[in-house]
Amino acid sequence: MADTRKASRFIVPVAVAGVAAATIGLVPALAASGDPDLPEITAQQLIEKIAASDTQTLSGTFKISTDLGLPLGGLADLGALAGGGDGSSSADPTEKLTELVSGTHTLRVAADGPDRQKLTLLDGSDEYSLIHNGDDVWAYDSKSKEVFHEKGASGAPEGADVDEQLPATPKAMADEILKAAGDTTSITVGGTAKVAGRDAYQLMIKPKQSGSTVESIRIAVDAATGTPLKFTLASVEGGKPVVDAGFTKVDFGKPAASDFDFKVPEGAKVTEGAAEKDAAAEQKLPEDLAKELGGFGDLGEGGGLNVIGEGWTTIAKLDSGAPAPKTDEAPKEIQGLLDSFGDKVTGKFGSGTVFKTKLVNALLTDDGKVYVGAVTQDALVNAANAGK
């Protein structure tokens with residue numbers, strides 16, 4: 001059986017890619033044929049339209065395809081090594097929704113305001129459902145017949161005043177987005193499209209800087225409601241998009257209240273989420289990481305974390321102050337995976353290994369420095385050579 005503590009030392013470069021993919025919003029997107037003839041609109045007006053959208057209810061079906069350029073099943077294998085066998089429920093959303101990071105999936109979705117949402121992941125005759133209804137979150141995996149339940153899922157932090165932190169009007173929000181984009185980003189309207197049978201504008205976002213792995217981001221926006229219907233993230237490597245997710249069917253009517261009801265199936269195993277256990281785990285995590293990663297957890301002292309560059313070519317540098325673990329010490333279950341997407345590189349900085357995906361790349365130098373960003377291999381090597 002694999003030594004999971006030893007294996008976790010080699011998860012860092014791959015986990016970066018998984019986190020990056022997870023933080024990409026799963027805004028539904030799948031363009032259909034036919035380009036509708038719509039009134040002309042500027043990029044700022046389209047951003048204002050998105051900001052002004054008050055869509056509270058919808059239901060539909062969408063597909064999501066993700067291609068990070070990793071070996072087939074790589075993320076799943078690493079996930080099993082890092083967290084498998086710990087007794088957690090197969091219905092736990094933290095575990096189950098990582099499947100969306102790779103491959104193609106079909107989902108059904110329903111929403112009725114901020115307190116009621118339902119997402120069902122379809123897998124042949126099996127289904128995985130995640131339901132938020134008021135204070136309750138329920139998840140059910142029909143394949144394993146396991147249920148996950150957590151109480152107290154809603155509510156903003158006490159004392160938080162969201163209105164003071166957000167722009168007051170759609171125009172102000174659009175102005176803030178355009179201001180944040182600055183000189184590093186091109187934002188235009190890239191024509192129109194049909195998405196799930198609806199007319200949509202296409203907002204095109206492209207880096208102006210060279211060295212980014214992102215070629216473009218395309219968001220299809222419903223012309224009538226301002227609701228984003230399509231999200232496509234393309235890599236400079238070409239080929240399949242890194243993320244291509246979207247509605248194939250959508251209805252903005254109010255779903256039935258019964259859609260959000262859940263009754264535990266007879267004989268199903270129920271696992272209760274425990275907020276206090278999660279808090280304890282979060283407090284223990286930095287200490288565990290420091291031990292498991294041979295010093296990478298001790299980032300508050302020594303080299304620490306530095307940010308290099310700006311905009312699309314931003315690179316995060318972590319300096320552990322300790323030599324990197326040797327990849328040939330990795331358990332055999334992941335040795336092949338590391339070899340398949342890691343390239344040995346040399347430069348003024350010395351030598352190291354670049355772990356590559358189509359979106360996020362990481363350079364791990366032999367003297368324990370890590371450079372990570374949505375940038376090309378050359379950009380990482382140049383940053384390391386500059387000694388920044």
# chains A, B, ... in the order shown; residues from 1 in each chain; ligands from 1
>>> select_by_dssp(residues="stretch 110-271 of chain A", states="helix (DSSP H, G or I)", output="ChimeraX atom specification")
/A:162-165,170-184,257-260
>>> closest_residue(among="A:Trp312, A:Trp138, A:Tyr128, A:Phe62", to="A:Lys230", atoms="only C-alpha atoms")
A:Phe62
>>> closest_residue(among="A:Gln209, A:Asn382, A:Thr184, A:Gln117", to="A:Ala139", atoms="only C-alpha atoms")
A:Gln117
